[in-house]
file query.csv (CSV, C-alpha atoms and all ligand atoms)
chain,number,residue,atom,x,y,z
A,1,PRO,CA,5.3,-4.4,2.7
A,2,VAL,CA,5.7,-4.9,-1.0
A,3,PRO,CA,4.5,-1.8,-3.1
A,4,VAL,CA,1.6,-2.2,-5.5
A,5,LEU,CA,1.6,-1.1,-9.1
A,6,ALA,CA,-1.7,-1.0,-10.9
A,7,VAL,CA,-1.7,-1.3,-14.7
A,8,VAL,CA,-4.7,0.7,-16.0
A,9,GLY,CA,-6.0,1.8,-19.4
A,10,ARG,CA,-8.8,1.1,-21.8
A,11,PRO,CA,-9.3,-2.4,-23.4
A,12,ASN,CA,-6.8,-3.5,-26.1
A,13,VAL,CA,-4.0,-1.0,-25.4
A,14,GLY,CA,-1.8,-3.9,-24.4
A,15,LYS,CA,-1.9,-3.9,-20.6
A,16,SER,CA,-1.8,-7.7,-20.2
A,17,THR,CA,0.9,-8.0,-22.9
A,18,LEU,CA,3.0,-5.5,-20.9
A,19,VAL,CA,2.3,-7.3,-17.6
A,20,ASN,CA,3.7,-10.5,-19.2
A,21,ARG,CA,6.7,-8.6,-20.5
A,22,ILE,CA,7.4,-7.3,-16.9
A,23,LEU,CA,6.9,-10.7,-15.4
A,24,GLY,CA,9.1,-12.4,-18.1
A,25,ARG,CA,6.5,-15.1,-18.5
A,26,ARG,CA,3.0,-15.5,-20.1
A,27,GLU,CA,0.5,-15.4,-17.3
A,28,ALA,CA,-1.8,-12.5,-18.0
A,29,VAL,CA,-4.3,-13.4,-20.6
A,30,VAL,CA,-3.8,-11.6,-23.9
A,31,GLN,CA,-6.4,-11.7,-26.6
A,32,ASP,CA,-7.4,-9.9,-29.7
A,33,VAL,CA,-10.9,-9.7,-28.3
A,34,PRO,CA,-10.7,-7.0,-25.6
A,35,GLY,CA,-12.3,-7.6,-22.2
A,36,VAL,CA,-10.9,-11.0,-21.3
A,37,THR,CA,-8.9,-9.9,-18.2
A,38,ARG,CA,-10.9,-10.3,-15.0
A,39,ASP,CA,-11.4,-7.1,-13.0
A,40,ARG,CA,-8.1,-7.3,-11.2
A,41,VAL,CA,-5.4,-10.0,-11.2
A,42,SER,CA,-2.3,-9.7,-9.0
A,43,TYR,CA,1.1,-11.0,-9.7
A,44,ASP,CA,4.4,-11.1,-7.9
A,45,ALA,CA,6.9,-9.1,-9.9
A,46,GLU,CA,10.6,-8.0,-9.6
A,47,TRP,CA,12.8,-5.6,-11.4
A,48,SER,CA,16.4,-4.7,-10.6
A,49,GLY,CA,16.1,-6.7,-7.4
A,50,ARG,CA,13.0,-4.9,-6.1
A,51,ALA,CA,9.9,-6.8,-5.5
A,52,PHE,CA,6.4,-5.3,-6.2
A,53,THR,CA,2.9,-6.5,-6.8
A,54,LEU,CA,1.7,-6.0,-10.3
A,55,VAL,CA,-2.1,-5.6,-10.7
A,56,ASP,CA,-3.5,-6.2,-14.2
A,57,THR,CA,-7.0,-4.7,-14.8
A,58,GLY,CA,-9.7,-5.4,-17.3
A,59,GLY,CA,-13.0,-7.2,-17.4
A,60,TRP,CA,-15.0,-4.8,-19.4
A,61,ASP,CA,-17.6,-6.0,-21.9
A,62,PRO,CA,-16.6,-4.0,-25.0
A,63,ASP,CA,-20.2,-3.8,-26.2
A,64,ALA,CA,-21.6,-2.6,-22.9
A,65,ARG,CA,-23.2,0.8,-22.8
A,66,GLY,CA,-21.3,3.4,-21.0
A,67,LEU,CA,-18.0,1.6,-21.5
A,68,ALA,CA,-15.9,4.7,-20.8
A,69,GLU,CA,-17.6,5.2,-17.4
A,70,ARG,CA,-17.1,1.5,-16.5
A,71,ILE,CA,-13.4,1.7,-17.4
A,72,ALA,CA,-13.0,4.9,-15.3
A,73,ALA,CA,-14.8,3.2,-12.4
A,74,GLN,CA,-12.5,0.2,-12.6
A,75,ALA,CA,-9.5,2.4,-12.8
A,76,GLU,CA,-10.6,4.3,-9.7
A,77,ILE,CA,-10.8,1.1,-7.7
A,78,ALA,CA,-7.4,-0.2,-8.9
A,79,VAL,CA,-5.7,3.2,-8.3
A,80,SER,CA,-7.1,3.5,-4.8
A,81,LEU,CA,-5.5,0.1,-3.9
A,82,ALA,CA,-2.1,1.0,-5.5
A,83,ASP,CA,1.0,2.9,-4.5
A,84,ALA,CA,1.7,3.9,-8.1
A,85,VAL,CA,0.0,3.6,-11.5
A,86,LEU,CA,1.2,2.4,-14.9
A,87,PHE,CA,-1.1,4.1,-17.3
A,88,VAL,CA,-1.1,2.4,-20.7
A,89,VAL,CA,-2.2,4.1,-23.9
A,90,ASP,CA,-2.0,2.9,-27.5
A,91,ALA,CA,0.3,5.4,-29.2
A,92,LYS,CA,-0.9,4.3,-32.6
A,93,VAL,CA,-4.5,5.1,-31.9
A,94,GLY,CA,-3.9,8.2,-29.7
A,95,ILE,CA,-6.1,9.4,-26.9
A,96,THR,CA,-9.8,8.4,-26.9
A,97,ASP,CA,-12.7,9.5,-24.7
A,98,ALA,CA,-12.2,6.4,-22.5
A,99,ASP,CA,-8.5,7.4,-22.1
A,100,GLU,CA,-9.6,10.9,-21.0
A,101,GLY,CA,-11.9,9.4,-18.4
A,102,VAL,CA,-9.0,7.5,-16.9
A,103,VAL,CA,-6.8,10.6,-17.0
A,104,LYS,CA,-9.4,12.5,-14.8
A,105,ILE,CA,-9.3,9.7,-12.2
A,106,LEU,CA,-5.5,9.7,-12.2
A,107,ARG,CA,-5.3,13.5,-11.7
A,108,ARG,CA,-7.8,13.3,-8.8
A,109,ALA,CA,-6.1,10.4,-7.1
A,110,GLY,CA,-2.8,12.3,-7.0
A,111,LYS,CA,-0.7,9.0,-7.0
A,112,PRO,CA,2.5,8.7,-9.0
A,113,VAL,CA,1.8,7.9,-12.6
A,114,VAL,CA,4.1,6.4,-15.2
A,115,LEU,CA,2.8,6.9,-18.8
A,116,ALA,CA,3.4,4.0,-21.2
A,117,ALA,CA,2.9,4.8,-24.9
A,118,ASN,CA,2.5,1.3,-26.1
A,119,LYS,CA,2.7,-0.3,-29.6
A,120,VAL,CA,5.7,1.8,-30.5
A,121,ASP,CA,7.1,-1.2,-32.4
A,122,ASP,CA,9.8,0.7,-34.3
A,123,GLU,CA,11.7,4.0,-34.3
A,124,ARG,CA,9.4,5.5,-36.8
A,125,ALA,CA,6.4,5.1,-34.5
A,126,GLU,CA,8.2,7.0,-31.7
A,127,ALA,CA,6.9,10.4,-33.0
A,128,GLU,CA,3.4,9.2,-32.1
A,129,ALA,CA,4.3,9.1,-28.5
A,130,TYR,CA,5.5,12.7,-28.3
A,131,GLY,CA,1.9,14.0,-28.6
A,132,LEU,CA,1.1,12.4,-25.3
A,133,TRP,CA,3.1,15.0,-23.4
A,134,ASN,CA,-0.2,17.0,-23.8
A,135,LEU,CA,-1.9,14.7,-21.2
A,136,GLY,CA,0.0,16.5,-18.5
A,137,LEU,CA,1.1,13.3,-16.9
A,138,GLY,CA,4.8,13.8,-17.5
A,139,GLU,CA,7.1,12.0,-19.9
A,140,PRO,CA,5.5,9.4,-22.2
A,141,PHE,CA,7.7,6.2,-22.3
A,142,PRO,CA,7.5,4.7,-25.8
A,143,VAL,CA,7.4,0.9,-25.5
A,144,SER,CA,6.5,-2.2,-27.5
A,145,ALA,CA,5.1,-4.7,-25.0
A,146,LEU,CA,5.0,-7.1,-27.9
A,147,HIS,CA,8.7,-6.9,-28.7
A,148,GLY,CA,10.2,-5.5,-25.5
A,149,ARG,CA,11.4,-2.3,-27.0
A,150,GLY,CA,11.8,0.5,-24.3
A,151,SER,CA,10.6,-1.7,-21.4
A,152,GLY,CA,13.9,-1.3,-19.4
A,153,ASP,CA,13.5,2.5,-19.3
A,154,LEU,CA,9.9,2.2,-18.5
A,155,LEU,CA,10.6,-0.1,-15.6
A,156,ASP,CA,13.3,2.1,-14.2
A,157,ALA,CA,10.7,4.9,-14.1
A,158,VAL,CA,8.3,2.6,-12.4
A,159,LEU,CA,10.7,1.8,-9.7
A,160,ALA,CA,11.4,5.5,-9.2
A,161,ALA,CA,7.7,6.0,-8.7
A,162,LEU,CA,7.1,3.2,-6.3
B,1,LIG,P1,-5.4,-5.3,-22.9
B,1,LIG,O1,-6.8,-5.4,-23.2
B,1,LIG,O2,-5.1,-3.8,-22.6
B,1,LIG,O3,-4.9,-6.2,-21.8
B,1,LIG,O4,-4.6,-5.6,-24.2
B,1,LIG,P2,-3.8,-7.0,-24.6
B,1,LIG,O5,-2.6,-7.2,-23.8
B,1,LIG,O6,-4.8,-8.2,-24.4
B,1,LIG,O7,-3.5,-6.8,-26.1
B,1,LIG,C1,-4.5,-6.4,-27.0
B,1,LIG,C2,-3.9,-6.6,-28.4
B,1,LIG,O8,-2.8,-5.7,-28.7
B,1,LIG,C3,-3.3,-8.0,-28.6
B,1,LIG,O9,-3.6,-8.4,-30.0
B,1,LIG,C4,-1.8,-7.8,-28.5
B,1,LIG,O10,-1.0,-8.7,-29.2
B,1,LIG,C5,-1.7,-6.4,-29.1
B,1,LIG,N1,-0.5,-5.7,-28.6
B,1,LIG,C6,-0.1,-5.5,-27.3
B,1,LIG,N2,1.1,-4.9,-27.2
B,1,LIG,C7,1.4,-4.6,-28.4
B,1,LIG,C8,2.6,-3.9,-29.0
B,1,LIG,O11,3.5,-3.4,-28.3
B,1,LIG,N3,2.6,-3.7,-30.4
B,1,LIG,C9,1.6,-4.3,-31.2
B,1,LIG,N4,1.8,-4.1,-32.5
B,1,LIG,N5,0.6,-4.9,-30.7
B,1,LIG,C10,0.5,-5.1,-29.3
B,2,MG,MG,-6.0,-7.5,-20.5
call {"tool": "encode", "arguments": {"input": "query.csv", "output": "structure tokens"}}
result
Amino acid sequence: PVPVLAVVGRPNVGKSTLVNRILGRREAVVQDVPGVTRDRVSYDAEWSGRAFTLVDTGGWDPDARGLAERIAAQAEIAVSLADAVLFVVDAKVGITDADEGVVKILRRAGKPVVLAANKVDDERAEAEAYGLWNLGLGEPFPVSALHGRGSGDLLDAVLAAL
């Protein structure tokens, strides 16, 4: 069976952009307005000759009440269906309450987690990723889903976790 990687994180951190980067094509819907991704969308992915199923998550109404709880609930479902998790945070923004909610789910689930510190578009921004060691989820991988920076190292870590 092909292993399943769930991509989780709050809206607008760049999950769908990263999914497209991994796929090498534009299939996951990216928008400046968060919340456009349906709850879960699966794609056939491959890296270094290994196949896996990539699950993009989303589908939250950014104006809904209790957004952080909704995000956490979605993450919980996606994580329960996955073999490993790619947790995406926005290194420029840092950790928010909604991120903290997802972190709690990830700790409880006990599945392998790879931490992507996204929107590190240049070397200067890399310092912003170091603070994410504090999450206790291991090494933060600085990436730019938009430009592809760091995605090779991230994917190597993903394969090691799957
Ligand atoms: P999602 O809601 O987590 O799926 O986020 P999206 O992939 O839809 O991206 C949200 C916004 O962040 C879009 O405007 C993207 O172009 C932008 N974005 C995604 N990745 C990066 C990145 O690495 N750098 C920068 N500067 N912007 C990014
Ligand atoms: Mg999305």
call {"tool": "residues_near_ligand", "arguments": {"input": "query.csv", "ligand": "ligand MG 2 (chain B)", "cutoff": "6 Å", "atoms": "only C-alpha atoms and all ligand atoms", "output": "count of residues only"}}
result
5
call {"tool": "closest_residue", "arguments": {"input": "query.csv", "among": "A:Asn134, A:Ser151, A:Asn118, A:Ser42", "to": "ligand LIG 1 (chain B)", "atoms": "all atoms listed in the file"}}
result
A:Asn118
call {"tool": "residues_near_ligand", "arguments": {"input": "query.csv", "ligand": "ligand LIG 1 (chain B)", "cutoff": "7 Å", "atoms": "all atoms listed in the file", "output": "VMD selection string"}}
result
chain A and resid 9 to 18 29 to 32 34 to 35 37 58 118 to 121 143 to 147
call {"tool": "closest_residue", "arguments": {"input": "query.csv", "among": "A:Arg65, A:Gly148, A:Ala117, A:Asp83", "to": "A:Asn20", "atoms": "all atoms listed in the file"}}
result
A:Gly148
call {"tool": "atom_distance", "arguments": {"input": "query.csv", "atom1": "atom CA of A:Glu100", "atom2": "atom CA of A:Leu137"}}
result
11.7 Å
call {"tool": "atom_distance", "arguments": {"input": "query.csv", "atom1": "atom CA of A:Ala91", "atom2": "atom CA of A:Leu162"}}
result
24.0 Å
call {"tool": "residues_around", "arguments": {"input": "query.csv", "residues": "A:Arg108", "least_positions_apart": "3", "cutoff": "12 Å", "atoms": "only C-alpha atoms", "output": "ChimeraX atom specification"}}
result
/A:72,75-76,79-80,101-105,111-113
call {"tool": "atom_distance", "arguments": {"input": "query.csv", "atom1": "atom CA of A:Arg149", "atom2": "atom CA of A:Val85"}}
result
20.1 Å
call {"tool": "closest_residue", "arguments": {"input": "query.csv", "among": "A:Ala28, A:Leu5, A:Ile71, A:Leu86", "to": "A:Val55", "atoms": "all atoms listed in the file"}}
result
A:Leu5
